[in-house]
Amino acid sequence: MSDRNILVINSGSSSIKFALVNEDQDEFLLEGLAECIGFPEAVVNWKENGVKKSMNLNGADHAGALAKILPVVQEVSHGKLTGIGHRVVHGSAHVTKASLLTPEVIKVIEEAAALAPLHNPPGLMGIEASLAVYPELPQVGVFDTAFHQTMPEYAYRYAIPEYLYTEHHIRRYGFHGTSHLYVSRKGAEMAGLPVDDSCWLVAHLGNGCSTTAVVNGESRDTSMGLTPLEGLVMGTRSGDVDPSLQIHLHRTFGWTAQEVETMLTKQSGLLGVSGLSNDMRTLIEASEQGHERAALAIEIFCYRLAKSLAALSCALPKLDGLLFTGGIGENASLIRRKTLDHMRIFNFKLDDAANQACTRGAAGKISLDGHPLVMVVPTNEERQIANETLELIDAIAK
Ligand code: ADP
């Protein structure tokens, strides 16, 4: 086992998700979640060598929580912690790759908070706490937006007046980049194709959902835009709606900006249509028992996903395969089948047995020979963040 371990941190407003990743080991040494941070019931639960453990955080804030997690990390890594990789959602157009968390980079994250108000501020809380608690370690930001910085201008610009782009940075950025990068590389490896000469459509379907067209290892277009609301139907997010909807709700019914935002981001998507749940598993079970709105939510989800994939095919010179990932993409054979059923002119044809077998981490080809390749490729954002953190630490050491 390598001596090099990276602690990966994904900080939310009241939670810190973490994993201790060894350079050589597939399994994480440690995986955990601190929850209710800042509240009396704050607690951290983690899994260490398959054993579940838990510790009361006594109302700790982010720094207090990390200070309690550190001794566990040090013990499990036998004091061999090489660095820390932080997931950061928005790096604006300034950040194109993983970056050391210098004061300049932290300033970029602060400035991009206007574009990602729900994500960057809690991410920064984790970063600042971690820099305070582990000042001697190299700490790296790995940005969800970075992978998409290779999109051509015609893909990332909106057709709105230019000053909104030049003065206010309003453009499409794209998200889930760490996952799309990992999955497209892994997909190329699984298919035996060189990353730099292969073209993929990737569907990342979790609570948030996005599609990306990847050409020779680079993102050429993606479904999310200025914020992670654009594009596909998601758990609680609407995805694309007519932009006039907001004006209509305001003008006709007096809705405030806040009310519109809450509706579109927290009460829409699978939850909004089904009236039941944002969770695809629940909806599949309910639709099998005749719940009509759950069935409709699934239909809209799959049709819109198919439409997005077809649209993104415009960014590809050829198609080497379609890759499904994320909790839904990795597990839900029904969603994969229904989506491809809408894409008849692509000539996809699933191997039903293989499609059904791909669940709970099982990966591989689910299409029939003689038809375009379709694969299930489990994502691993923690591994990708650890890899990019190590690569940067090595580059700096040279
Ligand atoms: P996040 O974006 O929060 O990381 P995940 O990638 O874990 O989310 O995906 C969560 C989604 O995956 C939920 O909608 C969940 O219902 C769905 N999911 C997980 N397992 C299954 C399954 N066996 N069948 C259908 N959907 C599943």
# chains A, B, ... in the order shown; residues from 1 in each chain; ligands from 1
$ residues_around --residues "stretch 18-29 of chain A" --least-positions-apart "5" --cutoff "10 Å" --atoms "only C-alpha atoms" --output "VMD selection string"
chain A and resid 1 to 11 34 46 to 50 66 69 73 to 74 76 to 77 80 to 82 84 to 86 382 to 383 385 to 387 390
$ residues_near_ligand --ligand "ligand 1" --cutoff "12 Å" --atoms "only C-alpha atoms and all ligand atoms" --output "MDAnalysis selection string"
chainID A and resid 10 17 175:176 179 203:210 228 233:237 269:271 277:286 297:298 301 324:336 356:362 378:382
$ closest_residue --among "A:Glu75, A:Glu388, A:Asp221, A:Asp351" --to "A:Asp369" --atoms "only C-alpha atoms"
A:Asp351
$ atom_distance --atom1 "atom CA of A:Leu201" --atom2 "atom CA of A:Gly272"
27.3 Å
$ closest_residue --among "A:Ser238, A:Ser244, A:Thr145, A:Ser198" --to "A:Met263" --atoms "only C-alpha atoms"
A:Ser238
$ atom_distance --atom1 "atom CA of A:Glu299" --atom2 "atom CA of A:Arg337"
11.4 Å
$ closest_residue --among "A:Leu193, A:Val88, A:Ala42, A:Val108" --to "A:Gly141" --atoms "only C-alpha atoms"
A:Val88
$ atom_distance --atom1 "atom CA of A:Leu229" --atom2 "atom CA of A:Val202"
17.8 Å
$ closest_residue --among "A:Pro138, A:Gly225, A:Gly231, A:Gly126" --to "A:Ala67" --atoms "only C-alpha atoms"
A:Gly126
$ closest_residue --among "A:Ala112, A:Ala63, A:Val214, A:Leu350" --to "A:Gly187" --atoms "only C-alpha atoms"
A:Val214
$ residues_around --residues "stretch 320-323 of chain A" --least-positions-apart "4" --cutoff "6 Å" --atoms "only C-alpha atoms" --output "PDB file with C-alpha atoms, in the first residue's frame"
ATOM      1  CA  CYS A 199     -15.978  10.702 -27.972  1.00  0.00           C
ATOM      2  CA  TRP A 200     -18.625  10.169 -25.322  1.00  0.00           C
ATOM      3  CA  LEU A 201     -22.028  11.235 -24.161  1.00  0.00           C
ATOM      4  CA  VAL A 202     -22.118  11.078 -20.358  1.00  0.00           C
ATOM      5  CA  LEU A 373     -21.821   1.131 -27.160  1.00  0.00           C
ATOM      6  CA  VAL A 374     -23.713   1.899 -23.943  1.00  0.00           C
ATOM      7  CA  MET A 375     -21.980   1.379 -20.601  1.00  0.00           C
ATOM      8  CA  VAL A 376     -22.677   1.822 -16.912  1.00  0.00           C
TER       9      VAL A 376
END
